[in-house]
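These notes concern the structure reproduced below.
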Number of protein chains: 2
Amino acid sequence: MTDGNIVGTGERIQLLHGSGGLMMQRLIREIFFPAFGADNDAGFDDAAEITLHDGPLAFSTDSFVVKPLFFPGGDIGSLAVSGTVNDILMKGAKPYCLSLALIIEEGFPLAELKTIVKSLADTAKIADVRIVTGDTKVVGRGEIDGLVINTSGIGEILPNASISGVNARPGDVLLVSGEVGNHGIAVMAERNGLKLKGNIASDAAPLNASVIPMLERFGESVHVLRDPTRGGVAATINEIAEASKVTVLLDESSLPVGREVEAVSELLGFDPLYLPCEGRFLAFVDGGKAESILRFLREDAGCPDATQIGTVTETSNGEVLMTTVSGGQRIIDMPAGELLPRIC
Amino acid sequence: MTDGNIVGTGERIQLLHGSGGLMMQRLIREIFFPAFGADNDAGFDDAAEITLHDGPLAFSTDSFVVKPLFFPGGDIGSLAVSGTVNDILMKGAKPYCLSLALIIEEGFPLAELKTIVKSLADTAKIADVRIVTGDTKVVGRGEIDGLVINTSGIGEILPNASISGVNARPGDVLLVSGEVGNHGIAVMAERNGLKLKGNIASDAAPLNASVIPMLERFGESVHVLRDPTRGGVAATINEIAEASKVTVLLDESSLPVGREVEAVSELLGFDPLYLPCEGRFLAFVDGGKAESILRFLREDAGCPDATQIGTVTETSNGEVLMTTVSGGQRIIDMPAGELLPRIC
């Protein structure tokens with residue numbers, strides 16, 4: 001195996017890259033280890049050793065099947081790190097490390113794999129997490145659609161955080177950290193070959209820089225955190241309303257939706273309320289602290305478009321209502337029929 | 001959504017089961033939660049909260065793409081739990097919890113999914129781990145081959161364990177916990193439609209019941225643990241020899257290979273030394289303690305077929321040699337060309 005090709009392969013992934021032999025070692029040593037700053041010597045143990053604080057931990061997993069793999073504002077790599085990092089943050093925890101598991105189709109271009117690995121590494125750096133353990137499988141042509149990624153992650157729950165979907169209560173104010181729907185529209189537009197004027201790009205990004213400072217300062221007043229991914233704001237708030245047994249009243253006029261997202265949504269027949277975000281969070285916070293938290297998010301935590309979009313009005317079996325721009329009120333249901341597959 | 005069908009679907013998975021809406025909730029509530037003993041109320045948070053001991057932890061991930069999904073002695077569910085549990089054990093850690101991420105093809109039969117979920121739950125029970133967090137994605141027909149599973153897991157490293165692939169040293173004795181090659185042959189036979197006489201079954205199983213007692217009693221004397229999965233005993237020992245910078249001398253006559261595995265290997269053209277196991281471990285142990293450990297494994301730890309198969313002879317750049325049954329000596333290489341895809 002002294003050929004000059006990187007990982008001994010020419011320019012495409014081969015089944016041998018998943019066989020547990022020399023070619024797999026080279027793939028890992030030549031592509032993954034340098035990107036993730038791994039130590040060549042200690043790298044082949046079956047598990048990573050980590051040492052965390054002795055308080056409670058958050059543990060989360062997510063698979064990424066987004067299609068296409070590359071879209072305006074990101075790719076499956078940035079998405080895979082952001083998604084799990086954000087799920088850990090939404091539990092009030094500081095992300096510490098990730099695992100990375102790739103399933104690659106035979107024939108997948110090495111150049112694309114390297115771009116995605118760089119994107120994984122760059123996003124992990126931004127999110128201040130280490131990718132400490134991994135797995136690579138290769139399957140035959142046609143047995144998978146290019147590449148899917150799983151990341152799992154561990155974080156340390158902040159001492160003053162007590163966050164859960166069951167904790168929303170009457171009097172809480174609902175904040176969103178920025179404009180919604182951009183990720184969904186960016187992916188759908190790319191998939192449909194739509195040439196967008198303007199600058200719609202996915203919002204996919206790790207939320208550490210806004211969530212951690214907010215929790216350090218206002219942890220006790222933050223009751224629920226959730227990123228509105230699949231099913232968008234509508235599904236996420238329905239889940240929380242049901243888990244917390246409360247009624248949430250949204251205000252349509254305050255929902256931050258970009259002009260271009262709104263236009264493309266209309267064109268493609270989507271309601272932005274149901275579009276996934278991958279770099280936004282929803283926070284149910286103590287009503288008395290909402291203004292301070294909102295100001296902090298806007299001025300000190302990098303969320304200039306953060307807005308109040310609703311309130312928790314009463315205990316109930318879990319209901320989401322919306323005051324419409326025309327002044328009426330309608331029920332916002334869990335999505336029952338929407339089909340937005342492979343968006344994350 | 002008041003139809004009587006389970007998860008509202010008829011008998012097959014639909015894209016809607018992955019959309020983040022009502023159908024996904026029902027799939028999770030009606031199939032996953034009951035199987036894994038999850039609390040219906042707290043189940044939809046983005047991450048699980050866990051509290052572990054304050055010592056070092058092991059963290060591992062593995063994706064499972066085995067084909068076919070069902071094989072003699074197991075299925076992708078039992079394999080997915082055993083694989084990650086064993087990777088944690090191989091770091092000298094007691095497995096504590098797992099994440100579970102499913103990617104399912106549209107049209108996948110619900111009955112098969114339920115069988116696999118039961119198998120995941122049953123194996124988790126045997127391994128004494130909880131499945132605490134999960135993710136479900138559904139992709140379109142033809143975009144994946146039925147079902148793939150990722151499990152990641154966390155374990156608590158035992159206080160007297162200091163185990164790593166770099167720790168083999170001259171004087172060490174190499175033990176194997178049982179017959180090798182059964183998993184590989186069981187899967188390959190099933191895939192090739194071979195009707196096997198006799199009883200070849202996959203060895204896939206969690207190794208807790210043998211590894212934990214061995215480490216509690218002999219932890220300080222166990223230097224390396226590894227389960228010989230992809231690439232089999234040959235690849236695994238090559239990796240360890242290279243990482244530890246030692247020469248390992250195997251004894252061909254002592255390698256425990258079942259008669260049927262040997263026969264089918266010959267028929268299909270495989271060398272058992274390169275066949276994957278999913279319920280065996282290799283241990284490099286202190287030469288002075290090897291006999292006691294071996295006796296303990298055989299008599300008290302449920303490994304009646306445990307055997308010494310080699311020794312570490314000297315420091316080197318990492319070399320694996322084998323004394324053959326005919327009395328000669330040959331080099332055992334990392335597999336460079338073997339093709340045994342989708343075996344795990």
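To be explicit about the labels: the chains of the structure tokens are called A, B, and onward in the order shown, and within each one the residues are counted from 1, while ligands get numbers from 1 in the order they are shown.
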Practice task
Name the residues in contact with A:Ser254 at a cut-off of 8 Å, using only C-alpha atoms, excluding same-chain residues fewer than 3 positions from it; report them as JSON, numbers by chain.
Solution key: {"A": [251, 307, 308, 309]}
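When DSSP reads the backbone of this structure, the residues of stretch 54-132 of chain B it assigns to strand (DSSP E or B) are Leu57, Ala58, Phe59, Ser60, Thr61, Asp62, Ser63, Phe64, Phe70, Phe71, Gly74, Asp75, Ala93, Lys94, Pro95, Tyr96, Cys97, Leu98, Ser99, Leu100, Ala101, Leu102, Ile103, Ile104, Glu105, Pro109, Arg130, Ile131 and Val132 of chain B.
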May I ask you to extract the residues of chain B within 7 Å of chain A, using only C-alpha atoms, and to give them as a CSV table (one decimal) with N, CA and C atoms, in the first residue's frame?
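Final output, saved to out-v5.csv:
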chain,number,residue,atom,x,y,z
B,15,LEU,N,-43.6,8.4,5.4
B,15,LEU,CA,-42.7,9.6,5.5
B,15,LEU,C,-43.2,10.4,6.7
B,16,LEU,N,-44.5,10.5,6.9
B,16,LEU,CA,-45.1,11.3,8.0
B,16,LEU,C,-44.6,10.9,9.4
B,19,SER,N,-41.8,13.3,10.3
B,19,SER,CA,-42.0,14.7,10.0
B,19,SER,C,-42.1,15.6,11.2
B,20,GLY,N,-42.0,15.1,12.4
B,20,GLY,CA,-42.0,15.9,13.6
B,20,GLY,C,-43.5,16.2,14.0
B,21,GLY,N,-44.4,15.6,13.4
B,21,GLY,CA,-45.8,15.9,13.7
B,21,GLY,C,-46.5,14.8,14.5
B,22,LEU,N,-47.8,14.7,14.4
B,22,LEU,CA,-48.6,13.8,15.2
B,22,LEU,C,-48.2,12.3,15.0
B,23,MET,N,-48.0,12.0,13.7
B,23,MET,CA,-47.7,10.6,13.4
B,23,MET,C,-46.4,10.2,14.0
B,41,ASP,N,-44.5,11.6,29.8
B,41,ASP,CA,-44.6,13.0,30.0
B,41,ASP,C,-43.2,13.7,29.7
B,42,ALA,N,-42.2,13.1,30.1
B,42,ALA,CA,-40.9,13.8,30.1
B,42,ALA,C,-40.1,13.4,28.8
B,45,ASP,N,-38.1,15.9,25.5
B,45,ASP,CA,-37.0,16.9,25.6
B,45,ASP,C,-35.9,16.5,24.6
B,46,ASP,N,-35.1,17.5,24.2
B,46,ASP,CA,-34.1,17.3,23.1
B,46,ASP,C,-32.9,16.4,23.6
B,47,ALA,N,-32.8,16.3,24.9
B,47,ALA,CA,-31.6,15.6,25.5
B,47,ALA,C,-32.1,14.9,26.8
B,48,ALA,N,-31.5,13.8,27.1
B,48,ALA,CA,-31.8,13.2,28.4
B,48,ALA,C,-30.9,13.7,29.5
B,49,GLU,N,-31.4,13.7,30.7
B,49,GLU,CA,-30.5,14.1,31.8
B,49,GLU,C,-30.1,12.9,32.6
B,50,ILE,N,-28.8,12.8,32.8
B,50,ILE,CA,-28.2,11.6,33.5
B,50,ILE,C,-27.2,12.1,34.5
B,51,THR,N,-27.1,11.3,35.6
B,51,THR,CA,-26.1,11.6,36.6
B,51,THR,C,-25.2,10.4,36.8
B,53,HIS,N,-21.1,8.7,38.0
B,53,HIS,CA,-20.1,8.9,39.1
B,53,HIS,C,-19.1,10.0,38.6
B,54,ASP,N,-18.3,10.5,39.5
B,54,ASP,CA,-17.5,11.6,39.2
B,54,ASP,C,-16.1,11.2,38.7
B,55,GLY,N,-16.0,9.9,38.3
B,55,GLY,CA,-14.7,9.5,37.8
B,55,GLY,C,-14.7,9.5,36.2
B,56,PRO,N,-13.7,9.0,35.6
B,56,PRO,CA,-13.7,9.1,34.1
B,56,PRO,C,-14.7,8.2,33.5
B,57,LEU,N,-15.2,8.6,32.3
B,57,LEU,CA,-16.3,7.9,31.6
B,57,LEU,C,-15.7,7.4,30.2
B,58,ALA,N,-16.4,6.4,29.7
B,58,ALA,CA,-16.1,5.9,28.4
B,58,ALA,C,-17.3,6.3,27.5
B,59,PHE,N,-17.0,6.8,26.3
B,59,PHE,CA,-18.1,7.3,25.4
B,59,PHE,C,-17.8,6.7,24.0
B,60,SER,N,-18.8,6.0,23.4
B,60,SER,CA,-18.6,5.3,22.2
B,60,SER,C,-19.8,5.4,21.3
B,61,THR,N,-19.6,5.2,20.0
B,61,THR,CA,-20.7,5.2,19.0
B,61,THR,C,-20.5,4.2,17.9
B,62,ASP,N,-21.6,3.7,17.4
B,62,ASP,CA,-21.5,2.7,16.3
B,62,ASP,C,-22.7,2.7,15.5
B,63,SER,N,-22.6,2.6,14.2
B,63,SER,CA,-23.7,2.5,13.3
B,63,SER,C,-23.8,1.1,12.8
B,87,ASP,N,-18.2,-2.1,23.2
B,87,ASP,CA,-17.2,-1.1,23.0
B,87,ASP,C,-16.9,-0.4,24.3
B,88,ILE,N,-17.9,-0.1,25.1
B,88,ILE,CA,-17.7,0.6,26.4
B,88,ILE,C,-17.0,-0.4,27.3
B,90,MET,N,-14.9,-2.6,26.6
B,90,MET,CA,-13.6,-2.8,26.2
B,90,MET,C,-12.7,-1.6,26.6
B,91,LYS,N,-13.3,-0.6,27.2
B,91,LYS,CA,-12.5,0.5,27.8
B,91,LYS,C,-12.4,0.3,29.3
B,99,SER,N,-28.0,5.9,23.6
B,99,SER,CA,-28.9,6.6,22.8
B,99,SER,C,-29.2,5.7,21.6
B,101,ALA,N,-30.7,5.9,17.6
B,101,ALA,CA,-31.1,6.7,16.4
B,101,ALA,C,-31.4,5.7,15.3
B,133,THR,N,-32.3,8.3,25.3
B,133,THR,CA,-32.6,9.3,24.3
B,133,THR,C,-32.6,8.8,22.9
B,134,GLY,N,-33.3,9.4,22.0
B,134,GLY,CA,-33.4,8.8,20.7
B,134,GLY,C,-33.7,9.8,19.6
B,135,ASP,N,-33.7,9.3,18.4
B,135,ASP,CA,-34.0,10.1,17.2
B,135,ASP,C,-34.6,9.1,16.1
B,139,VAL,N,-36.8,8.2,5.6
B,139,VAL,CA,-36.4,8.7,4.2
B,139,VAL,C,-37.3,7.9,3.2
B,143,GLU,N,-34.1,5.3,-0.7
B,143,GLU,CA,-33.0,6.2,-0.3
B,143,GLU,C,-32.2,5.6,0.8
B,144,ILE,N,-32.6,4.5,1.3
B,144,ILE,CA,-31.8,3.7,2.3
B,144,ILE,C,-32.3,2.3,2.2
B,145,ASP,N,-31.5,1.3,2.6
B,145,ASP,CA,-31.8,-0.1,2.4
B,145,ASP,C,-32.6,-0.6,3.7
B,152,SER,N,-25.2,5.1,20.6
B,152,SER,CA,-24.0,5.7,21.3
B,152,SER,C,-24.2,5.4,22.8
B,164,SER,N,-6.1,0.2,27.5
B,164,SER,CA,-6.0,0.9,26.3
B,164,SER,C,-5.2,0.1,25.3
B,165,GLY,N,-5.5,0.3,24.0
B,165,GLY,CA,-4.8,-0.4,22.9
B,165,GLY,C,-3.3,-0.2,23.0
B,166,VAL,N,-2.8,0.7,23.7
B,166,VAL,CA,-1.3,1.0,23.7
B,166,VAL,C,-0.6,0.3,24.9
B,230,ARG,N,-15.1,-6.0,13.0
B,230,ARG,CA,-14.7,-5.9,11.6
B,230,ARG,C,-13.2,-6.3,11.4
B,231,GLY,N,-12.9,-7.1,10.5
B,231,GLY,CA,-11.5,-7.5,10.3
B,231,GLY,C,-11.1,-8.7,11.2
B,235,ALA,N,-7.2,-8.3,12.3
B,235,ALA,CA,-7.1,-6.9,12.2
B,235,ALA,C,-7.0,-6.3,13.6
B,243,ALA,N,-0.2,-0.2,17.9
B,243,ALA,CA,-0.4,0.9,18.9
B,243,ALA,C,0.5,0.7,20.1
B,334,MET,N,-2.6,-7.0,8.5
B,334,MET,CA,-3.9,-6.3,8.5
B,334,MET,C,-4.6,-6.8,7.2
B,335,PRO,N,-5.9,-7.0,7.2
B,335,PRO,CA,-6.6,-7.3,6.0
B,335,PRO,C,-6.5,-6.1,5.0
B,336,ALA,N,-6.0,-6.4,3.8
B,336,ALA,CA,-5.9,-5.3,2.8
B,336,ALA,C,-6.9,-5.5,1.8
B,339,LEU,N,-13.2,-8.5,1.6
B,339,LEU,CA,-14.5,-7.8,1.5
B,339,LEU,C,-15.6,-8.5,2.2
B,340,LEU,N,-15.9,-8.0,3.3
B,340,LEU,CA,-17.0,-8.6,4.1
B,340,LEU,C,-18.0,-7.4,4.5
B,341,PRO,N,-18.6,-6.8,3.5
B,341,PRO,CA,-19.4,-5.6,3.8
B,341,PRO,C,-20.7,-5.9,4.6
B,342,ARG,N,-21.1,-5.0,5.3
B,342,ARG,CA,-22.5,-5.0,6.0
B,342,ARG,C,-22.6,-6.2,6.9
Practice task
Rank B:Ser265, B:Ser82, B:Thr313, B:Ser253 by their smallest atom-to-atom distance to B:Val325, using only C-alpha atoms, and report the top residue only.
Solution key: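 Of B:Ser265, B:Ser82, B:Thr313, B:Ser253, the one nearest B:Val325, counting only C-alpha atoms, is B:Ser253.
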Handout entry: Option closest in space to B:Asn317, from B:Lys245, B:Arg169, B:Arg259, B:Lys289 [counting only C-alpha atoms]
Key = B:Lys245
Handout entry: Residue set, stretch 53-246 of chain B restricted to alpha helix (DSSP H), as a VMD selection string
Key = chain B and resid 76 to 89 110 to 126 182 to 191 208 to 218 232 to 244
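Taking atom CA of A:Cys277 as the reference point, atom CA of A:Pro109 is found at 28.4 Å.
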Handout entry: Polymer residues at most 9 Å from A:Ala209, only C-alpha atoms, same-chain spacing of 6 or more positions, as a list in words
Key = Ala127, Ala301 and Gly302 of chain A
Completion exercise
With distances taken over only C-alpha atoms, the candidate from B:Ala306, B:Ala205, B:Ala186, B:Ala241 nearest B:Glu291 is B:Ala306
Practice task
List the neighbours of A:Asn160 out to 8 Å using only C-alpha atoms; skip same-chain residues closer than 4 positions along the sequence, and give me the result as a PyMOL selection string.
Solution key: chain A and resi 215-216+219-220
Store the residues of this selection in a file with N, CA and C atoms, as a short mmCIF file (atom, residue, chain, number, x, y, z; two decimals), in the first residue's frame.
data_model
loop_
_atom_site.label_atom_id
_atom_site.label_comp_id
_atom_site.auth_asym_id
_atom_site.auth_seq_id
_atom_site.Cartn_x
_atom_site.Cartn_y
_atom_site.Cartn_z
N LEU A 215 -28.09 31.83 30.07
CA LEU A 215 -28.35 30.95 31.21
C LEU A 215 -27.48 31.33 32.41
N GLU A 216 -26.24 31.71 32.14
CA GLU A 216 -25.37 32.10 33.26
C GLU A 216 -25.97 33.29 34.00
N GLY A 219 -30.42 32.01 34.37
CA GLY A 219 -30.78 30.60 34.38
C GLY A 219 -32.06 30.28 35.14
N GLU A 220 -32.21 30.84 36.33
CA GLU A 220 -33.37 30.51 37.16
C GLU A 220 -34.69 30.93 36.51
#
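For A:Ala263, the residues within 12 Å (counting only C-alpha atoms, excluding itself and residues fewer than 2 positions away along the chain) are Gly181, Asn182, Ile185, Ala189, Leu196, Lys197, Gly198, Ile200, Val257, Gly258, Arg259, Glu260, Val261, Ser265, Glu266, Leu267, Leu268, Gly269, Phe270, Asp271 and Pro272 of chain A.
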